[in-house]
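In what follows, a single structure is set out as structure tokens and then discussed.
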Amino acid sequence: MSKLEYHDSRKVLLRLRDLQERVAVSELPDKVKNLRTRELKKYLEGRQVALFCYGIGNAVLNTDVFHALYESIDYDCVALWERDGEQGFTPIQLKELVPESLKSTATLANELEKLAKYVAPEDLVVALHVNRMCILEFAKIQMPRLNVAEVWLYGAISPDQGRWFLYGSLLKEPEYYEFAYPMG
């Protein structure tokens with residue numbers, strides 16, 4: 001994992017914010033604007049992992065967390081951080097509760113249930129992007145039995161996507177965190 005090419009999550013998000021603002025007012029089809037084509041999937045995943053790594057580093061770990069997109073059988077990317085002079089690596093599986101406009105029948109419970117199929121490395125972290133405006137009743141979340149280390153939820157809490165939440169790990173005693181999308 002140490003030989004992968006890692007990206008600064010904050011810098012990636014800053015570059016993406018500028019691009020997103022220009023794309024939002026363009027004449028491009030919605031599928032392209034929202035990175036919902038096969039060709040653009042890596043960019044969608046790049047944004048998702050950058051958001052998760054930036055948020056976890058900023059709100060939870062209090063250190064910079066870098067990421068590398070590296071797809072394996074068990075994970076989509078790897079996070080890198082440094083603490084007390086030592087580097088840590090974590091494989092991350094990205095999941096998404098898609099917007100209602102894409103699949104109105106999708107639920108958080110269904111997405112969590114799908115995780116039960118994973119027989120993954122014991123240090124695997126699942127980062128589930130709640131990509132819709134909804135009310136989450138954290139106390140009512142039912143967790144299936146899973147073979148992963150951690151499950152985190154994250155998503156925008158403001159319409160302009162300037163504020164975000166993190167909630168996890170769902171497999172322990174989860175805590176709620178908030179962070180701001182990075183600005184200049």
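Labels used: A, B, ... for chains in the order of the structure tokens, numbers from 1 for residues in each chain, and numbers from 1 for ligands as shown.
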Alpha helix (DSSP H) per DSSP on the backbone: members of range 57-151 of chain A, as number ranges by chain: A: 108-114
Hey, can you spit out that residue selection with N, CA and C atoms as a PDB file, in the first residue's frame?
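The file below, selection-v2.pdb, is the result:
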ATOM      1  N   LEU A 108     -31.478   3.076   3.421  1.00  0.00           N
ATOM      2  CA  LEU A 108     -30.249   2.859   4.178  1.00  0.00           C
ATOM      3  C   LEU A 108     -30.197   1.425   4.687  1.00  0.00           C
ATOM      4  N   ALA A 109     -31.311   0.910   5.154  1.00  0.00           N
ATOM      5  CA  ALA A 109     -31.348  -0.468   5.653  1.00  0.00           C
ATOM      6  C   ALA A 109     -30.950  -1.460   4.564  1.00  0.00           C
ATOM      7  N   ASN A 110     -31.438  -1.262   3.349  1.00  0.00           N
ATOM      8  CA  ASN A 110     -31.065  -2.144   2.230  1.00  0.00           C
ATOM      9  C   ASN A 110     -29.572  -2.077   1.945  1.00  0.00           C
ATOM     10  N   GLU A 111     -29.036  -0.863   1.948  1.00  0.00           N
ATOM     11  CA  GLU A 111     -27.611  -0.690   1.657  1.00  0.00           C
ATOM     12  C   GLU A 111     -26.751  -1.345   2.731  1.00  0.00           C
ATOM     13  N   LEU A 112     -27.155  -1.221   3.980  1.00  0.00           N
ATOM     14  CA  LEU A 112     -26.395  -1.859   5.062  1.00  0.00           C
ATOM     15  C   LEU A 112     -26.495  -3.377   4.982  1.00  0.00           C
ATOM     16  N   GLU A 113     -27.656  -3.868   4.616  1.00  0.00           N
ATOM     17  CA  GLU A 113     -27.856  -5.319   4.486  1.00  0.00           C
ATOM     18  C   GLU A 113     -26.950  -5.904   3.412  1.00  0.00           C
ATOM     19  N   LYS A 114     -26.736  -5.168   2.336  1.00  0.00           N
ATOM     20  CA  LYS A 114     -25.866  -5.638   1.248  1.00  0.00           C
ATOM     21  C   LYS A 114     -24.426  -5.868   1.721  1.00  0.00           C
TER      22      LYS A 114
END
Rows by chain and residue number, range 18-108 of chain A within 9 Å of range 119-129 of chain A, shortest pair, only C-alpha atoms, as a Markdown table:
| residue | atom | partner | partner_atom | distance |
| --- | --- | --- | --- | --- |
| A:Gln48 | CA | A:His129 | CA | 7.2 |
| A:Val49 | CA | A:Ala127 | CA | 8.1 |
| A:Phe52 | CA | A:Ala127 | CA | 7.0 |
| A:Ile73 | CA | A:Ala120 | CA | 8.8 |
| A:Asp74 | CA | A:Ala120 | CA | 5.7 |
| A:Tyr75 | CA | A:Leu124 | CA | 7.5 |
| A:Thr90 | CA | A:Asp123 | CA | 6.6 |
| A:Pro91 | CA | A:Leu124 | CA | 5.2 |
| A:Ile92 | CA | A:Val125 | CA | 4.8 |
| A:Gln93 | CA | A:Val126 | CA | 4.7 |
| A:Leu94 | CA | A:Ala127 | CA | 5.1 |
| A:Lys95 | CA | A:Leu128 | CA | 4.5 |
| A:Glu96 | CA | A:His129 | CA | 4.6 |
| A:Leu97 | CA | A:His129 | CA | 6.1 |
| A:Val98 | CA | A:His129 | CA | 8.0 |
Of the listed residues A:Leu51, A:Ile141, A:Leu44, A:Leu166, that which approaches Leu153 in chain A most closely, counting only C-alpha atoms: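 Of all the options, A:Leu166 lies closest to Leu153 in chain A.
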Residues near Tyr176 in chain A, cut-off 9 Å, only C-alpha atoms, skip fewer than 5 positions along chain, as an MDAnalysis selection string: chainID A and resid 165:168
Surrounding residues of Glu45 in chain A excluding itself and chain neighbours under 4 positions, 9 Å, only C-alpha atoms, as a list of chain:residue names: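 The contact residues come out as A:Leu40, A:Lys41, A:Val49, A:Ala50, A:Leu69, A:Asp76, A:Cys77, A:Leu94.
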Range 24-181 of chain A: residues DSSP assigns to strand (DSSP E or B), reported as a PyMOL selection string: chain A and resi 65-69+77-83+86-97+125-130+150-156+163-168+175-180
Could those selected residues go to a file with N, CA and C atoms, as a short mmCIF file (atom, residue, chain, number, x, y, z; two decimals), in the first residue's frame?
data_model
loop_
_atom_site.label_atom_id
_atom_site.label_comp_id
_atom_site.auth_asym_id
_atom_site.auth_seq_id
_atom_site.Cartn_x
_atom_site.Cartn_y
_atom_site.Cartn_z
N VAL A 65 -5.60 13.22 6.01
CA VAL A 65 -5.77 11.85 5.50
C VAL A 65 -5.73 11.94 3.98
N PHE A 66 -4.81 11.21 3.40
CA PHE A 66 -4.63 11.17 1.95
C PHE A 66 -5.32 9.91 1.42
N HIS A 67 -5.53 9.87 0.11
CA HIS A 67 -6.21 8.71 -0.46
C HIS A 67 -5.60 8.32 -1.80
N ALA A 68 -5.73 7.04 -2.10
CA ALA A 68 -5.32 6.50 -3.39
C ALA A 68 -6.47 5.65 -3.91
N LEU A 69 -6.86 5.90 -5.15
CA LEU A 69 -7.86 5.05 -5.78
C LEU A 69 -7.12 3.80 -6.25
N CYS A 77 -10.35 1.83 -2.53
CA CYS A 77 -9.29 2.82 -2.33
C CYS A 77 -8.60 2.56 -1.00
N VAL A 78 -7.54 3.33 -0.78
CA VAL A 78 -6.76 3.19 0.45
C VAL A 78 -6.54 4.58 1.04
N ALA A 79 -6.68 4.68 2.35
CA ALA A 79 -6.40 5.94 3.05
C ALA A 79 -5.03 5.84 3.70
N LEU A 80 -4.34 6.95 3.75
CA LEU A 80 -3.02 7.05 4.38
C LEU A 80 -3.04 8.24 5.33
N TRP A 81 -2.53 8.03 6.52
CA TRP A 81 -2.39 9.12 7.48
C TRP A 81 -1.15 8.86 8.30
N GLU A 82 -0.73 9.88 9.02
CA GLU A 82 0.44 9.75 9.88
C GLU A 82 0.08 10.18 11.29
N ARG A 83 0.52 9.38 12.24
CA ARG A 83 0.28 9.68 13.65
C ARG A 83 1.49 9.25 14.45
N GLU A 86 4.32 7.60 12.66
CA GLU A 86 4.11 6.33 11.94
C GLU A 86 2.96 6.47 10.96
N GLN A 87 3.13 5.84 9.80
CA GLN A 87 2.08 5.86 8.79
C GLN A 87 1.08 4.74 9.03
N GLY A 88 -0.18 5.06 8.75
CA GLY A 88 -1.23 4.05 8.82
C GLY A 88 -1.94 3.97 7.48
N PHE A 89 -2.34 2.78 7.12
CA PHE A 89 -3.05 2.53 5.86
C PHE A 89 -4.36 1.83 6.18
N THR A 90 -5.42 2.24 5.50
CA THR A 90 -6.73 1.61 5.69
C THR A 90 -7.40 1.39 4.35
N PRO A 91 -7.77 0.14 4.04
CA PRO A 91 -8.55 -0.09 2.83
C PRO A 91 -10.00 0.38 3.04
N ILE A 92 -10.57 1.00 2.02
CA ILE A 92 -11.92 1.56 2.12
C ILE A 92 -12.79 1.03 0.98
N GLN A 93 -13.97 0.56 1.35
CA GLN A 93 -14.98 0.16 0.38
C GLN A 93 -16.01 1.28 0.32
N LEU A 94 -16.21 1.86 -0.85
CA LEU A 94 -17.17 2.95 -1.02
C LEU A 94 -18.55 2.40 -1.36
N LYS A 95 -19.55 2.92 -0.70
CA LYS A 95 -20.94 2.58 -0.98
C LYS A 95 -21.73 3.88 -1.01
N GLU A 96 -22.94 3.80 -1.58
CA GLU A 96 -23.75 5.01 -1.70
C GLU A 96 -25.23 4.70 -1.59
N LEU A 97 -25.91 5.50 -0.82
CA LEU A 97 -27.37 5.55 -0.86
C LEU A 97 -27.66 6.63 -1.90
N VAL A 125 -12.73 -0.64 6.05
CA VAL A 125 -13.68 0.39 6.46
C VAL A 125 -14.66 0.61 5.31
N VAL A 126 -15.94 0.61 5.61
CA VAL A 126 -16.97 0.91 4.62
C VAL A 126 -17.40 2.36 4.85
N ALA A 127 -17.32 3.15 3.78
CA ALA A 127 -17.75 4.55 3.81
C ALA A 127 -19.00 4.66 2.95
N LEU A 128 -20.15 4.87 3.57
CA LEU A 128 -21.42 4.90 2.87
C LEU A 128 -21.90 6.34 2.74
N HIS A 129 -21.87 6.84 1.51
CA HIS A 129 -22.29 8.21 1.21
C HIS A 129 -23.81 8.27 1.15
N VAL A 130 -24.41 9.01 2.07
CA VAL A 130 -25.85 9.24 2.06
C VAL A 130 -26.06 10.42 1.13
N GLU A 150 -15.15 -1.30 10.27
CA GLU A 150 -15.95 -0.12 10.60
C GLU A 150 -16.91 0.19 9.46
N VAL A 151 -18.01 0.83 9.81
CA VAL A 151 -18.96 1.36 8.83
C VAL A 151 -19.26 2.80 9.23
N TRP A 152 -19.04 3.71 8.29
CA TRP A 152 -19.28 5.13 8.51
C TRP A 152 -20.31 5.64 7.50
N LEU A 153 -21.19 6.51 7.96
CA LEU A 153 -22.11 7.23 7.09
C LEU A 153 -21.59 8.65 6.96
N TYR A 154 -21.75 9.23 5.78
CA TYR A 154 -21.41 10.64 5.61
C TYR A 154 -22.27 11.23 4.51
N GLY A 155 -22.51 12.53 4.60
CA GLY A 155 -23.34 13.18 3.60
C GLY A 155 -23.46 14.67 3.87
N ALA A 156 -23.97 15.37 2.90
CA ALA A 156 -24.16 16.82 3.02
C ALA A 156 -25.33 17.11 3.96
N ARG A 163 -21.66 22.11 4.35
CA ARG A 163 -21.56 21.42 5.65
C ARG A 163 -21.86 19.94 5.44
N TRP A 164 -21.10 19.10 6.14
CA TRP A 164 -21.20 17.65 6.00
C TRP A 164 -21.23 17.00 7.37
N PHE A 165 -21.77 15.78 7.41
CA PHE A 165 -21.76 15.01 8.65
C PHE A 165 -21.01 13.70 8.44
N LEU A 166 -20.54 13.15 9.53
CA LEU A 166 -19.97 11.80 9.61
C LEU A 166 -20.63 11.14 10.79
N TYR A 167 -20.96 9.86 10.66
CA TYR A 167 -21.55 9.14 11.78
C TYR A 167 -20.97 7.73 11.77
N GLY A 168 -20.31 7.40 12.87
CA GLY A 168 -19.73 6.06 12.92
C GLY A 168 -18.84 5.88 14.13
N GLU A 175 -20.55 7.88 16.90
CA GLU A 175 -20.61 9.29 17.27
C GLU A 175 -20.91 10.12 16.03
N TYR A 176 -21.48 11.28 16.26
CA TYR A 176 -21.84 12.19 15.18
C TYR A 176 -20.81 13.32 15.12
N TYR A 177 -20.36 13.63 13.91
CA TYR A 177 -19.39 14.70 13.68
C TYR A 177 -19.87 15.56 12.53
N GLU A 178 -19.43 16.79 12.51
CA GLU A 178 -19.68 17.68 11.37
C GLU A 178 -18.38 18.29 10.92
N PHE A 179 -18.32 18.61 9.62
CA PHE A 179 -17.15 19.31 9.09
C PHE A 179 -17.60 20.18 7.92
N ALA A 180 -16.81 21.17 7.61
CA ALA A 180 -17.10 22.08 6.52
C ALA A 180 -16.31 21.66 5.29
#
Between CA of Gly85 in chain A and CA of Ser2 in chain A, distance in Å (one decimal):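 So the two atoms, CA of Gly85 in chain A and CA of Ser2 in chain A, lie 14.9 Å apart.
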Atom pair CA of Glu100 in chain A / CA of Arg132 in chain A: separation (Å):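 About the pair CA of Glu100 in chain A and CA of Arg132 in chain A: they are 6.6 Å apart.
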Atom pair CA of Phe138 in chain A / CA of Leu35 in chain A: separation (Å):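 Here the two named atoms are 28.6 Å from each other.
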Contacts of Asn34 in chain A at 10 Å (only C-alpha atoms; same-chain gap of 3+ positions) as a list in words: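 Counting only C-alpha atoms, the residues come to Gln20, Val23, Ala24, Leu28, Pro29, Asp30, Lys31, Thr37, Leu40, Lys41, Tyr43 and Leu44 of chain A.
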Export of prior selection with C-alpha atoms as a PDB file, in the first residue's frame:
ATOM      1  CA  GLN A  20     -18.549  21.632  -9.938  1.00  0.00           C
ATOM      2  CA  VAL A  23     -20.418  22.304 -14.585  1.00  0.00           C
ATOM      3  CA  ALA A  24     -23.609  23.097 -12.630  1.00  0.00           C
ATOM      4  CA  LEU A  28     -24.234  19.150 -20.027  1.00  0.00           C
ATOM      5  CA  PRO A  29     -26.715  16.301 -19.463  1.00  0.00           C
ATOM      6  CA  ASP A  30     -27.538  15.580 -15.797  1.00  0.00           C
ATOM      7  CA  LYS A  31     -25.854  12.166 -15.989  1.00  0.00           C
ATOM      8  CA  THR A  37     -21.766   7.384 -16.523  1.00  0.00           C
ATOM      9  CA  LEU A  40     -17.021   9.052 -15.116  1.00  0.00           C
ATOM     10  CA  LYS A  41     -17.356   6.487 -12.291  1.00  0.00           C
ATOM     11  CA  TYR A  43     -14.311  10.652 -10.762  1.00  0.00           C
ATOM     12  CA  LEU A  44     -17.431  10.031  -8.683  1.00  0.00           C
TER      13      LEU A  44
END
Residue with smallest distance to Ala139 in chain A - pool A:Met183, A:Ile157, A:Leu170, A:Ala116, counting only C-alpha atoms: A:Leu170
Top pick for closest residue to His7 in chain A, considering A:Asp84, A:Asp160, A:Glu71, A:Asp64 and counting only C-alpha atoms: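 Checking each of A:Asp84, A:Asp160, A:Glu71, A:Asp64 against His7 in chain A, counting only C-alpha atoms, the winner is A:Asp64.
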